[in-house]
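> Submitted below is the structure of interest, expressed as structure tokens.
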Amino acid sequence: MDVFLMIRRKKTTIFTEAKETTPVYELKRMIEGILKVPPQNQRLFNRDNQELDYDRTLQDCGITVSAGKAQCPAQIGLAIRGSNGEFEPLDLAPYSMPPDLPDVMKHQDAANQGQE
């Protein structure tokens with residue numbers, strides 16, 4: 001079965017899918033194809049900020065079909081080794097929030113809800 005993944009690093013988000021039986025090192029090779037960063041220069045983290053083991057499968061790491069659906073993909077954090085040889089800290093920038101509706105539109109929205 002396919003697991004839908006959202007791989008996040010700073011303000012970058014990659015959406016992809018893999019099998020539950022895909023080893024973590026294969027996922028790192030997929031990321032290499034997109035970001036051109038070799039697997040040894042990548043660290044992947046689960047939702048609890050625990051690093052994913054290189055030789056384990058996604059399923060072994062708790063990333064299953066029930067945790068990664070198309071409508072709500074499983075989130076994986078990505079940290080990359082810098083030119084100084086050290087890995088950057090895991091940094092998942094928060095998503096921006098849309099601005100508040102102008103007052104004119106708020107009144108229209110309330111009026112439309114009353115008609116239903």
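Simple scheme: letters A, B, ... for chains in structure tokens order, numbers from 1 for residues in each chain, numbers from 1 for ligands in the order shown.
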Please give the complete set of residues from chain A that DSSP, run on the backbone, assigns to strand (DSSP E), formatted as a PyMOL selection string.
chain A and resi 2-9+12-19+42-45+74-80
> Would you please give, as a ChimeraX atom specification, all residues of segment 6-70 of chain A that DSSP assigns to helix (DSSP H, G or I) based on the backbone?
/A:24-35,39-41
> Would you output that residue set with N, CA and C atoms, as a tab-separated table (two decimals), in the first residue's frame?

```tsv
chain	number	residue	atom	x	y	z
A	24	VAL	N	14.26	3.36	4.60
A	24	VAL	CA	14.56	4.78	4.76
A	24	VAL	C	15.64	5.21	3.77
A	25	TYR	N	16.63	4.35	3.52
A	25	TYR	CA	17.69	4.75	2.59
A	25	TYR	C	17.16	4.95	1.18
A	26	GLU	N	16.09	4.22	0.79
A	26	GLU	CA	15.49	4.44	-0.52
A	26	GLU	C	14.77	5.79	-0.56
A	27	LEU	N	14.13	6.16	0.54
A	27	LEU	CA	13.48	7.47	0.62
A	27	LEU	C	14.53	8.57	0.49
A	28	LYS	N	15.69	8.37	1.12
A	28	LYS	CA	16.77	9.35	1.01
A	28	LYS	C	17.27	9.44	-0.43
A	29	ARG	N	17.26	8.34	-1.16
A	29	ARG	CA	17.67	8.38	-2.57
A	29	ARG	C	16.65	9.15	-3.40
A	30	MET	N	15.35	9.03	-3.05
A	30	MET	CA	14.32	9.82	-3.74
A	30	MET	C	14.57	11.31	-3.51
A	31	ILE	N	14.89	11.66	-2.27
A	31	ILE	CA	15.15	13.06	-1.94
A	31	ILE	C	16.40	13.55	-2.68
A	32	GLU	N	17.39	12.68	-2.80
A	32	GLU	CA	18.60	13.04	-3.56
A	32	GLU	C	18.25	13.40	-5.00
A	33	GLY	N	17.33	12.67	-5.59
A	33	GLY	CA	16.91	12.96	-6.96
A	33	GLY	C	16.23	14.30	-7.10
A	34	ILE	N	15.61	14.78	-6.04
A	34	ILE	CA	14.90	16.07	-6.08
A	34	ILE	C	15.81	17.21	-5.67
A	35	LEU	N	16.51	17.07	-4.53
A	35	LEU	CA	17.29	18.17	-3.98
A	35	LEU	C	18.78	18.12	-4.32
A	39	PRO	N	22.47	10.95	0.18
A	39	PRO	CA	21.82	10.38	1.36
A	39	PRO	C	22.63	10.52	2.65
A	40	GLN	N	23.95	10.42	2.58
A	40	GLN	CA	24.76	10.53	3.80
A	40	GLN	C	24.73	11.95	4.38
A	41	ASN	N	24.26	12.92	3.61
A	41	ASN	CA	24.15	14.30	4.08
A	41	ASN	C	22.72	14.67	4.47
```
> Let me make sure I understand: among A:Arg81, A:Leu44, A:Lys69, A:Ala74, which one has the smallest atom-to-atom distance to Met1 of chain A if we use only C-alpha atoms?
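Result for the nearest residue to Met1 of chain A: A:Lys69.
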> Set the distance at 10 Å and use only C-alpha atoms: which residues neighbour Ala18 of chain A once local chain neighbours fewer than 3 positions away are removed? I'd like the list as number ranges by chain.
A: 1-5, 21-23, 26-27, 30, 58, 64-65, 68
> Would you list the contacts of Thr12 of chain A as number ranges by chain, taking every protein, DNA or RNA residue within 9 Å and counting only C-alpha atoms, but skipping same-chain residues closer than 5 positions in sequence?
A: 7, 92-93
> Take the selection from the previous step and output its residues with N, CA, C and O atoms, as a PDB file, in the first residue's frame.

```pdb
ATOM      1  N   ILE A   7       7.545  15.816   3.162  1.00  0.00           N
ATOM      2  CA  ILE A   7       8.895  15.976   3.699  1.00  0.00           C
ATOM      3  C   ILE A   7       9.162  17.468   3.800  1.00  0.00           C
ATOM      4  O   ILE A   7       9.096  18.187   2.808  1.00  0.00           O
ATOM      5  N   LEU A  92      11.405  23.403  10.918  1.00  0.00           N
ATOM      6  CA  LEU A  92      10.175  23.337  10.140  1.00  0.00           C
ATOM      7  C   LEU A  92       9.456  24.664  10.313  1.00  0.00           C
ATOM      8  O   LEU A  92       8.809  24.903  11.325  1.00  0.00           O
ATOM      9  N   ALA A  93       9.604  25.531   9.338  1.00  0.00           N
ATOM     10  CA  ALA A  93       8.977  26.852   9.405  1.00  0.00           C
ATOM     11  C   ALA A  93       7.467  26.689   9.448  1.00  0.00           C
ATOM     12  O   ALA A  93       6.901  25.874   8.712  1.00  0.00           O
TER      13      ALA A  93
END
```
> What does the distance from atom CA of Leu90 of chain A to atom CA of Leu78 of chain A come to in Å, to one decimal?
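A separation of 6.7 Å between them.
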